[in-house]
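Shown below: run18.txt, with compact mmCIF, N, CA and C atoms.
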# COMPACT_ATOMS: atom_id res chain seq x y z
N MET N 29 23.82 48.64 16.47
CA MET N 29 23.52 50.01 16.86
C MET N 29 22.51 50.01 18.00
N ALA N 30 22.49 49.03 18.83
CA ALA N 30 21.49 48.92 19.88
C ALA N 30 21.58 50.08 20.87
N VAL N 31 20.45 50.72 21.06
CA VAL N 31 20.35 51.81 22.02
C VAL N 31 19.93 51.22 23.35
N LYS N 32 20.59 51.65 24.42
CA LYS N 32 20.29 51.18 25.76
C LYS N 32 19.48 52.22 26.50
N THR N 33 18.48 51.77 27.26
CA THR N 33 17.74 52.66 28.15
C THR N 33 18.28 52.44 29.55
N LEU N 34 18.83 53.48 30.15
CA LEU N 34 19.38 53.38 31.49
C LEU N 34 18.26 53.39 32.52
N PRO N 35 18.49 52.81 33.69
CA PRO N 35 17.47 52.85 34.75
C PRO N 35 17.16 54.31 35.12
N PRO N 36 15.90 54.60 35.43
CA PRO N 36 15.55 55.99 35.74
C PRO N 36 16.17 56.47 37.05
N VAL N 37 16.54 57.73 37.07
CA VAL N 37 17.01 58.36 38.30
C VAL N 37 15.79 58.88 39.06
N GLY N 38 15.94 59.06 40.36
CA GLY N 38 14.80 59.39 41.19
C GLY N 38 14.54 60.86 41.43
N SER N 39 15.48 61.71 41.05
CA SER N 39 15.25 63.14 41.30
C SER N 39 15.55 63.96 40.05
N LEU N 40 14.89 65.08 39.96
CA LEU N 40 15.11 65.99 38.83
C LEU N 40 16.54 66.51 38.84
N THR N 41 17.09 66.75 40.02
CA THR N 41 18.47 67.23 40.13
C THR N 41 19.46 66.22 39.53
N GLU N 42 19.28 64.95 39.85
CA GLU N 42 20.15 63.91 39.27
C GLU N 42 20.02 63.89 37.76
N PHE N 43 18.79 64.02 37.27
CA PHE N 43 18.53 64.01 35.82
C PHE N 43 19.26 65.19 35.15
N ILE N 44 19.16 66.36 35.74
CA ILE N 44 19.82 67.55 35.19
C ILE N 44 21.33 67.37 35.20
N ASN N 45 21.86 66.77 36.26
CA ASN N 45 23.31 66.51 36.31
C ASN N 45 23.74 65.57 35.18
N LEU N 46 22.93 64.55 34.89
CA LEU N 46 23.23 63.65 33.78
C LEU N 46 23.20 64.40 32.45
N LEU N 47 22.19 65.27 32.28
CA LEU N 47 22.08 66.04 31.04
C LEU N 47 23.31 66.91 30.83
N GLU N 48 23.75 67.58 31.90
CA GLU N 48 24.92 68.46 31.81
C GLU N 48 26.18 67.67 31.51
N ALA N 49 26.36 66.55 32.20
CA ALA N 49 27.57 65.74 32.01
C ALA N 49 27.66 65.18 30.59
N ARG N 50 26.51 64.91 29.99
CA ARG N 50 26.49 64.29 28.66
C ARG N 50 26.26 65.31 27.54
N HIS N 51 26.14 66.57 27.87
CA HIS N 51 25.93 67.65 26.88
C HIS N 51 24.68 67.43 26.03
N ILE N 52 23.61 67.04 26.68
CA ILE N 52 22.32 66.82 26.01
C ILE N 52 21.50 68.10 26.11
N ARG N 53 20.81 68.46 25.02
CA ARG N 53 20.03 69.70 25.01
C ARG N 53 18.53 69.48 24.87
N LEU N 54 18.08 68.32 24.36
CA LEU N 54 16.66 68.06 24.14
C LEU N 54 16.14 67.06 25.17
N VAL N 55 15.06 67.44 25.84
CA VAL N 55 14.41 66.57 26.83
C VAL N 55 12.96 66.39 26.42
N LYS N 56 12.46 65.18 26.56
CA LYS N 56 11.04 64.91 26.30
C LYS N 56 10.36 64.58 27.63
N LEU N 57 9.22 65.21 27.86
CA LEU N 57 8.43 64.98 29.08
C LEU N 57 7.04 64.48 28.70
N THR N 58 6.53 63.53 29.47
CA THR N 58 5.16 63.07 29.27
C THR N 58 4.63 62.54 30.59
N ASP N 59 3.37 62.17 30.58
CA ASP N 59 2.77 61.59 31.78
C ASP N 59 1.84 60.45 31.37
N TYR N 60 1.69 59.51 32.28
CA TYR N 60 0.85 58.34 32.05
C TYR N 60 -0.08 58.14 33.24
N GLY N 61 -1.28 57.72 32.96
CA GLY N 61 -2.22 57.35 34.01
C GLY N 61 -2.59 55.89 33.85
N ASN N 62 -2.61 55.16 34.94
CA ASN N 62 -3.01 53.75 34.89
C ASN N 62 -3.56 53.35 36.25
N VAL N 63 -3.99 52.13 36.37
CA VAL N 63 -4.44 51.62 37.66
C VAL N 63 -3.59 50.40 38.02
N GLU N 64 -3.29 50.26 39.31
CA GLU N 64 -2.50 49.14 39.78
C GLU N 64 -3.19 48.53 40.99
N PRO N 65 -3.12 47.21 41.12
CA PRO N 65 -3.69 46.58 42.32
C PRO N 65 -2.79 46.88 43.54
N ILE N 66 -3.41 47.42 44.58
CA ILE N 66 -2.70 47.77 45.81
C ILE N 66 -3.37 47.03 46.97
N LYS N 67 -2.57 46.42 47.83
CA LYS N 67 -3.12 45.71 48.99
C LYS N 67 -3.56 46.74 50.03
N ARG N 68 -4.83 46.69 50.37
CA ARG N 68 -5.40 47.56 51.42
C ARG N 68 -6.11 46.65 52.41
N GLY N 69 -5.59 46.59 53.60
CA GLY N 69 -6.20 45.71 54.60
C GLY N 69 -6.05 44.26 54.17
N SER N 70 -7.18 43.56 54.14
CA SER N 70 -7.15 42.14 53.78
C SER N 70 -7.42 41.91 52.29
N GLY N 71 -7.64 42.97 51.53
CA GLY N 71 -7.95 42.80 50.11
C GLY N 71 -7.12 43.71 49.23
N TYR N 72 -7.46 43.70 47.95
CA TYR N 72 -6.79 44.54 46.96
C TYR N 72 -7.79 45.52 46.38
N VAL N 73 -7.31 46.71 46.07
CA VAL N 73 -8.12 47.70 45.37
C VAL N 73 -7.33 48.14 44.14
N LEU N 74 -8.03 48.61 43.13
CA LEU N 74 -7.37 49.16 41.95
C LEU N 74 -7.15 50.65 42.20
N GLN N 75 -5.90 51.01 42.41
CA GLN N 75 -5.53 52.38 42.75
C GLN N 75 -5.10 53.13 41.50
N PRO N 76 -5.72 54.27 41.21
CA PRO N 76 -5.25 55.09 40.09
C PRO N 76 -3.84 55.61 40.40
N MET N 77 -2.95 55.50 39.42
CA MET N 77 -1.57 55.95 39.57
C MET N 77 -1.24 56.90 38.42
N VAL N 78 -0.35 57.84 38.70
CA VAL N 78 0.12 58.77 37.68
C VAL N 78 1.64 58.77 37.71
N ARG N 79 2.22 58.71 36.53
CA ARG N 79 3.68 58.70 36.40
C ARG N 79 4.10 59.79 35.43
N VAL N 80 5.05 60.63 35.84
CA VAL N 80 5.64 61.65 34.98
C VAL N 80 7.02 61.15 34.59
N VAL N 81 7.33 61.22 33.29
CA VAL N 81 8.58 60.67 32.76
C VAL N 81 9.32 61.74 31.95
N GLY N 82 10.60 61.87 32.22
CA GLY N 82 11.47 62.71 31.41
C GLY N 82 12.54 61.83 30.80
N THR N 83 12.79 61.97 29.51
CA THR N 83 13.81 61.19 28.82
C THR N 83 14.67 62.08 27.93
N ALA N 84 15.91 61.67 27.74
CA ALA N 84 16.81 62.41 26.86
C ALA N 84 17.72 61.40 26.16
N LEU N 85 18.06 61.68 24.92
CA LEU N 85 18.89 60.78 24.12
C LEU N 85 20.32 61.29 24.08
N ASP N 86 21.24 60.44 24.52
CA ASP N 86 22.67 60.69 24.39
C ASP N 86 23.11 59.99 23.10
N VAL N 87 23.22 60.75 22.04
CA VAL N 87 23.52 60.18 20.72
C VAL N 87 24.90 59.53 20.71
N ALA N 88 25.88 60.18 21.29
CA ALA N 88 27.26 59.65 21.27
C ALA N 88 27.36 58.30 21.99
N ALA N 89 26.69 58.18 23.14
CA ALA N 89 26.76 56.93 23.92
C ALA N 89 25.68 55.93 23.51
N LYS N 90 24.74 56.37 22.67
CA LYS N 90 23.60 55.54 22.26
C LYS N 90 22.84 55.03 23.49
N GLU N 91 22.51 55.99 24.37
CA GLU N 91 21.79 55.67 25.60
C GLU N 91 20.67 56.68 25.82
N ILE N 92 19.59 56.18 26.41
CA ILE N 92 18.47 57.04 26.81
C ILE N 92 18.54 57.18 28.32
N VAL N 93 18.66 58.42 28.78
CA VAL N 93 18.66 58.67 30.22
C VAL N 93 17.24 59.06 30.64
N CYS N 94 16.84 58.62 31.83
CA CYS N 94 15.44 58.78 32.25
C CYS N 94 15.33 59.34 33.66
N TRP N 95 14.24 60.02 33.89
CA TRP N 95 13.82 60.47 35.22
C TRP N 95 12.33 60.16 35.32
N THR N 96 11.90 59.67 36.46
CA THR N 96 10.49 59.38 36.63
C THR N 96 10.06 59.66 38.06
N VAL N 97 8.83 60.10 38.18
CA VAL N 97 8.20 60.28 39.48
C VAL N 97 6.79 59.70 39.37
N GLU N 98 6.42 58.89 40.35
CA GLU N 98 5.13 58.21 40.29
C GLU N 98 4.43 58.37 41.63
N GLY N 99 3.12 58.44 41.58
CA GLY N 99 2.36 58.53 42.82
C GLY N 99 0.91 58.17 42.61
N GLU N 100 0.23 57.97 43.72
CA GLU N 100 -1.19 57.67 43.66
C GLU N 100 -1.96 58.92 43.25
N SER N 101 -2.97 58.71 42.45
CA SER N 101 -3.82 59.81 42.01
C SER N 101 -4.91 60.03 43.04
N ARG N 102 -5.27 61.28 43.23
CA ARG N 102 -6.36 61.60 44.15
C ARG N 102 -7.71 61.44 43.49
N ARG N 103 -7.72 61.45 42.17
CA ARG N 103 -8.98 61.34 41.43
C ARG N 103 -9.15 59.94 40.88
N MET N 104 -10.37 59.54 40.72
CA MET N 104 -10.70 58.20 40.22
C MET N 104 -10.45 58.12 38.72
N VAL N 105 -9.97 56.98 38.27
CA VAL N 105 -9.83 56.70 36.85
C VAL N 105 -10.95 55.73 36.51
N THR N 106 -11.76 56.07 35.51
CA THR N 106 -12.89 55.22 35.15
C THR N 106 -12.62 54.52 33.83
N SER N 107 -13.43 53.51 33.53
CA SER N 107 -13.27 52.81 32.26
C SER N 107 -13.58 53.73 31.09
N ALA N 108 -14.46 54.69 31.31
CA ALA N 108 -14.79 55.64 30.24
C ALA N 108 -13.61 56.56 29.95
N ALA N 109 -12.87 56.92 31.01
CA ALA N 109 -11.71 57.80 30.83
C ALA N 109 -10.55 57.04 30.21
N GLY N 110 -10.47 55.74 30.48
CA GLY N 110 -9.40 54.94 29.92
C GLY N 110 -8.11 55.08 30.71
N ALA N 111 -7.14 54.30 30.33
CA ALA N 111 -5.81 54.36 30.95
C ALA N 111 -4.79 54.59 29.85
N GLY N 112 -3.57 54.86 30.25
CA GLY N 112 -2.51 55.11 29.27
C GLY N 112 -2.25 56.59 29.14
N ARG N 113 -1.65 56.99 28.03
CA ARG N 113 -1.30 58.40 27.84
C ARG N 113 -2.53 59.26 27.85
N GLY N 114 -2.39 60.42 28.38
CA GLY N 114 -3.50 61.36 28.38
C GLY N 114 -3.29 62.38 29.47
N PRO N 115 -4.29 63.24 29.64
CA PRO N 115 -4.14 64.28 30.65
C PRO N 115 -3.96 63.67 32.05
N THR N 116 -3.06 64.23 32.80
CA THR N 116 -2.81 63.75 34.14
C THR N 116 -3.92 64.20 35.07
N PRO N 117 -4.60 63.28 35.78
CA PRO N 117 -5.69 63.67 36.63
C PRO N 117 -5.25 64.10 38.02
N ASP N 118 -3.97 64.08 38.32
CA ASP N 118 -3.50 64.34 39.66
C ASP N 118 -2.80 65.70 39.75
N VAL N 119 -3.26 66.52 40.67
CA VAL N 119 -2.75 67.88 40.81
C VAL N 119 -1.26 67.89 41.14
N ASP N 120 -0.81 66.99 42.04
CA ASP N 120 0.60 66.96 42.42
C ASP N 120 1.49 66.60 41.24
N ARG N 121 1.09 65.63 40.43
CA ARG N 121 1.91 65.23 39.29
C ARG N 121 1.88 66.29 38.20
N VAL N 122 0.73 66.96 38.02
CA VAL N 122 0.66 68.06 37.06
C VAL N 122 1.64 69.15 37.46
N ALA N 123 1.67 69.47 38.74
CA ALA N 123 2.60 70.50 39.23
C ALA N 123 4.04 70.05 39.06
N GLU N 124 4.33 68.77 39.32
CA GLU N 124 5.69 68.25 39.16
C GLU N 124 6.15 68.34 37.71
N LYS N 125 5.28 67.97 36.79
CA LYS N 125 5.62 68.04 35.37
C LYS N 125 5.82 69.49 34.94
N ARG N 126 4.94 70.37 35.37
CA ARG N 126 5.04 71.79 35.02
C ARG N 126 6.34 72.39 35.59
N ARG N 127 6.64 72.04 36.84
CA ARG N 127 7.86 72.55 37.47
C ARG N 127 9.10 72.05 36.73
N ALA N 128 9.11 70.75 36.37
CA ALA N 128 10.25 70.19 35.64
C ALA N 128 10.42 70.90 34.30
N ARG N 129 9.32 71.12 33.59
CA ARG N 129 9.38 71.80 32.29
C ARG N 129 9.96 73.22 32.46
N GLU N 130 9.48 73.95 33.46
CA GLU N 130 9.96 75.31 33.69
C GLU N 130 11.42 75.36 34.07
N VAL N 131 11.84 74.47 34.98
CA VAL N 131 13.24 74.42 35.41
C VAL N 131 14.15 74.09 34.23
N LEU N 132 13.79 73.07 33.45
CA LEU N 132 14.61 72.68 32.32
C LEU N 132 14.71 73.80 31.29
N ARG N 133 13.61 74.48 31.03
CA ARG N 133 13.65 75.59 30.07
C ARG N 133 14.49 76.75 30.59
N GLN N 134 14.39 77.03 31.90
CA GLN N 134 15.21 78.09 32.49
C GLN N 134 16.70 77.79 32.36
N LEU N 135 17.04 76.52 32.39
CA LEU N 135 18.43 76.10 32.25
C LEU N 135 18.88 76.01 30.80
N GLY N 136 17.97 76.31 29.86
CA GLY N 136 18.33 76.36 28.45
C GLY N 136 18.06 75.09 27.66
N TYR N 137 17.36 74.14 28.26
CA TYR N 137 17.03 72.90 27.55
C TYR N 137 15.79 73.10 26.69
N GLU N 138 15.77 72.43 25.55
CA GLU N 138 14.57 72.37 24.73
C GLU N 138 13.72 71.23 25.29
N VAL N 139 12.45 71.51 25.57
CA VAL N 139 11.57 70.51 26.18
C VAL N 139 10.38 70.27 25.26
N ASP N 140 10.23 69.01 24.82
CA ASP N 140 9.11 68.61 23.97
C ASP N 140 8.22 67.63 24.72
N GLU N 141 6.99 67.50 24.25
CA GLU N 141 6.08 66.49 24.80
C GLU N 141 6.43 65.15 24.19
N GLY N 142 6.41 64.10 24.98
CA GLY N 142 6.67 62.76 24.47
C GLY N 142 7.71 62.03 25.30
N GLU N 143 8.19 60.93 24.74
CA GLU N 143 9.17 60.10 25.45
C GLU N 143 10.04 59.40 24.42
N TRP N 144 11.36 59.41 24.65
CA TRP N 144 12.26 58.65 23.80
C TRP N 144 12.07 57.17 24.08
N ASP N 145 12.01 56.37 23.04
CA ASP N 145 12.06 54.92 23.19
C ASP N 145 13.16 54.42 22.26
N VAL N 146 13.47 53.15 22.35
CA VAL N 146 14.58 52.59 21.59
C VAL N 146 14.38 52.79 20.08
N ASN N 147 13.17 52.55 19.58
CA ASN N 147 12.92 52.69 18.14
C ASN N 147 13.14 54.11 17.65
N SER N 148 12.56 55.09 18.35
CA SER N 148 12.72 56.48 17.90
C SER N 148 14.18 56.91 18.02
N ALA N 149 14.87 56.46 19.06
CA ALA N 149 16.29 56.81 19.23
C ALA N 149 17.14 56.23 18.11
N GLU N 150 16.90 54.97 17.76
CA GLU N 150 17.66 54.34 16.68
C GLU N 150 17.42 55.03 15.34
N GLN N 151 16.18 55.48 15.11
CA GLN N 151 15.88 56.19 13.86
C GLN N 151 16.64 57.51 13.79
N VAL N 152 16.65 58.25 14.89
CA VAL N 152 17.36 59.53 14.91
C VAL N 152 18.86 59.32 14.72
N ILE N 153 19.41 58.34 15.41
CA ILE N 153 20.85 58.06 15.29
C ILE N 153 21.20 57.67 13.86
N ALA N 154 20.34 56.88 13.21
CA ALA N 154 20.58 56.47 11.81
C ALA N 154 20.56 57.68 10.88
N VAL N 155 19.61 58.57 11.07
CA VAL N 155 19.52 59.78 10.24
C VAL N 155 20.75 60.66 10.45
N LEU N 156 21.16 60.83 11.70
CA LEU N 156 22.35 61.64 11.99
C LEU N 156 23.61 61.02 11.38
N ALA N 157 23.72 59.70 11.41
CA ALA N 157 24.87 59.03 10.80
C ALA N 157 24.88 59.23 9.29
N GLU N 158 23.72 59.13 8.68
CA GLU N 158 23.61 59.35 7.23
C GLU N 158 23.95 60.79 6.87
N ALA N 159 23.51 61.73 7.68
CA ALA N 159 23.82 63.14 7.44
C ALA N 159 25.32 63.39 7.57
N ALA N 160 25.96 62.74 8.53
CA ALA N 160 27.41 62.89 8.71
C ALA N 160 28.16 62.35 7.49
N LYS N 161 27.71 61.21 6.96
CA LYS N 161 28.33 60.65 5.75
C LYS N 161 28.17 61.60 4.58
N SER N 162 26.99 62.16 4.46
CA SER N 162 26.70 63.08 3.37
C SER N 162 27.58 64.33 3.46
N ARG N 163 27.75 64.86 4.67
CA ARG N 163 28.62 66.03 4.87
C ARG N 163 30.06 65.68 4.53
N ALA N 164 30.50 64.48 4.88
CA ALA N 164 31.88 64.07 4.60
C ALA N 164 32.13 64.03 3.09
N LYS N 165 31.14 63.57 2.32
CA LYS N 165 31.28 63.52 0.86
C LYS N 165 31.37 64.91 0.27
N VAL N 166 30.59 65.84 0.81
CA VAL N 166 30.59 67.21 0.29
C VAL N 166 31.91 67.90 0.58
N ARG N 167 32.53 67.61 1.71
CA ARG N 167 33.77 68.26 2.11
C ARG N 167 35.01 67.73 1.39
N LYS N 168 34.92 66.54 0.77
CA LYS N 168 36.08 65.98 0.09
C LYS N 168 36.46 66.86 -1.09
N PRO N 169 37.73 67.20 -1.18
CA PRO N 169 38.16 67.98 -2.34
C PRO N 169 38.15 67.11 -3.60
N ALA N 170 37.76 67.72 -4.68
CA ALA N 170 37.65 66.97 -5.94
C ALA N 170 38.97 66.76 -6.61
Mind turning the file's structure into structure tokens?
Amino acid sequence: MAVKTLPPVGSLTEFINLLEARHIRLVKLTDYGNVEPIKRGSGYVLQPMVRVVGTALDVAAKEIVCWTVEGESRRMVTSAAGAGRGPTPDVDRVAEKRRAREVLRQLGYEVDEGEWDVNSAEQVIAVLAEAAKSRAKVRKPA
């Protein structure tokens, strides 16, 4: 029952087209902040980066479709603030995430905070399979 994560598409429009083609209704959106070494001149600096991720589970195909946008943060990330999931410190990425959420909701998609991963997808697929078996037993005439 291995769930595959497809490579992320680069635009929200492509992501929406995938959702429509696959008849997916639930999308999860989240953002991540981290630092990456970037070559500047003759040396490297640790550049704060922000990534916004949208994921959706295609139960029938057992695939996770993804959309991501990443960019340099204008604000500094400190050791006290930490890295990883949390509030996005970059105004452009906050606006991108907000715009994606609004567009998806306007199109009738349910949008939750978070991200599909293989483990959560496999758990949902297993529960749906068990529910289908249970419904089949109830429908059998005695």
Could you list, as a JSON list (two decimals) with N, CA and C atoms, keeping the file's coordinate frame, every residue within 6 Å of range 88-102 of chain N, counting only N, CA and C atoms and ignoring same-chain residues fewer than 5 positions away?
[["chain", "number", "residue", "atom", "x", "y", "z"],
["N", 30, "ALA", "N", 22.49, 49.03, 18.83],
["N", 30, "ALA", "CA", 21.49, 48.92, 19.88],
["N", 30, "ALA", "C", 21.58, 50.08, 20.87],
["N", 31, "VAL", "N", 20.45, 50.72, 21.06],
["N", 31, "VAL", "CA", 20.35, 51.81, 22.02],
["N", 31, "VAL", "C", 19.93, 51.22, 23.35],
["N", 32, "LYS", "N", 20.59, 51.65, 24.42],
["N", 32, "LYS", "CA", 20.29, 51.18, 25.76],
["N", 32, "LYS", "C", 19.48, 52.22, 26.50],
["N", 33, "THR", "N", 18.48, 51.77, 27.26],
["N", 33, "THR", "CA", 17.74, 52.66, 28.15],
["N", 33, "THR", "C", 18.28, 52.44, 29.55],
["N", 34, "LEU", "N", 18.83, 53.48, 30.15],
["N", 34, "LEU", "CA", 19.38, 53.38, 31.49],
["N", 34, "LEU", "C", 18.26, 53.39, 32.52],
["N", 35, "PRO", "N", 18.49, 52.81, 33.69],
["N", 35, "PRO", "CA", 17.47, 52.85, 34.75],
["N", 35, "PRO", "C", 17.16, 54.31, 35.12],
["N", 36, "PRO", "N", 15.90, 54.60, 35.43],
["N", 36, "PRO", "CA", 15.55, 55.99, 35.74],
["N", 36, "PRO", "C", 16.17, 56.47, 37.05],
["N", 37, "VAL", "N", 16.54, 57.73, 37.07],
["N", 37, "VAL", "CA", 17.01, 58.36, 38.30],
["N", 37, "VAL", "C", 15.79, 58.88, 39.06],
["N", 38, "GLY", "N", 15.94, 59.06, 40.36],
["N", 38, "GLY", "CA", 14.80, 59.39, 41.19],
["N", 38, "GLY", "C", 14.54, 60.86, 41.43],
["N", 43, "PHE", "N", 18.79, 64.02, 37.27],
["N", 43, "PHE", "CA", 18.53, 64.01, 35.82],
["N", 43, "PHE", "C", 19.26, 65.19, 35.15],
["N", 76, "PRO", "N", -5.72, 54.27, 41.21],
["N", 76, "PRO", "CA", -5.25, 55.09, 40.09],
["N", 76, "PRO", "C", -3.84, 55.61, 40.40],
["N", 77, "MET", "N", -2.95, 55.50, 39.42],
["N", 77, "MET", "CA", -1.57, 55.95, 39.57],
["N", 77, "MET", "C", -1.24, 56.90, 38.42],
["N", 78, "VAL", "N", -0.35, 57.84, 38.70],
["N", 78, "VAL", "CA", 0.12, 58.77, 37.68],
["N", 78, "VAL", "C", 1.64, 58.77, 37.71],
["N", 79, "ARG", "N", 2.22, 58.71, 36.53],
["N", 79, "ARG", "CA", 3.68, 58.70, 36.40],
["N", 79, "ARG", "C", 4.10, 59.79, 35.43],
["N", 80, "VAL", "N", 5.05, 60.63, 35.84],
["N", 80, "VAL", "CA", 5.64, 61.65, 34.98],
["N", 80, "VAL", "C", 7.02, 61.15, 34.59],
["N", 81, "VAL", "N", 7.33, 61.22, 33.29],
["N", 81, "VAL", "CA", 8.58, 60.67, 32.76],
["N", 81, "VAL", "C", 9.32, 61.74, 31.95],
["N", 82, "GLY", "N", 10.60, 61.87, 32.22],
["N", 82, "GLY", "CA", 11.47, 62.71, 31.41],
["N", 82, "GLY", "C", 12.54, 61.83, 30.80],
["N", 83, "THR", "N", 12.79, 61.97, 29.51],
["N", 83, "THR", "CA", 13.81, 61.19, 28.82],
["N", 83, "THR", "C", 14.67, 62.08, 27.93],
["N", 117, "PRO", "N", -4.60, 63.28, 35.78],
["N", 117, "PRO", "CA", -5.69, 63.67, 36.63],
["N", 117, "PRO", "C", -5.25, 64.10, 38.02],
["N", 118, "ASP", "N", -3.97, 64.08, 38.32],
["N", 118, "ASP", "CA", -3.50, 64.34, 39.66],
["N", 118, "ASP", "C", -2.80, 65.70, 39.75]]
Just give me the gap between atom N of Ala149 in chain N and atom C of Asn62 in chain N in Å, one decimal is fine.
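Between atom N of Ala149 in chain N and atom C of Asn62 in chain N the gap works out to 25.4 Å.
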Using DSSP assignments from the backbone, pull out every residue in chain N that falls under strand (DSSP E) and give it to me as a ChimeraX atom specification.
/N:32-33,54-68,71-86,91-100,112-113,138-141
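If you count only N, CA and C atoms and ignore residues fewer than 5 places along the chain from range 135-137 of chain N, what sits within 7 Å of it is Ile52, Arg53, Leu54, Val55 and Glu130 of chain N.
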Rounded to one decimal place, report the atom C of Gly61 in chain N-CA of Ala128 in chain N distance in Å.
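The value is 19.3 Å.
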One decimal, in Å: what's the spacing between CA of Arg133 in chain N and CA of Arg50 in chain N?
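Distance between the two atoms: 17.2 Å.
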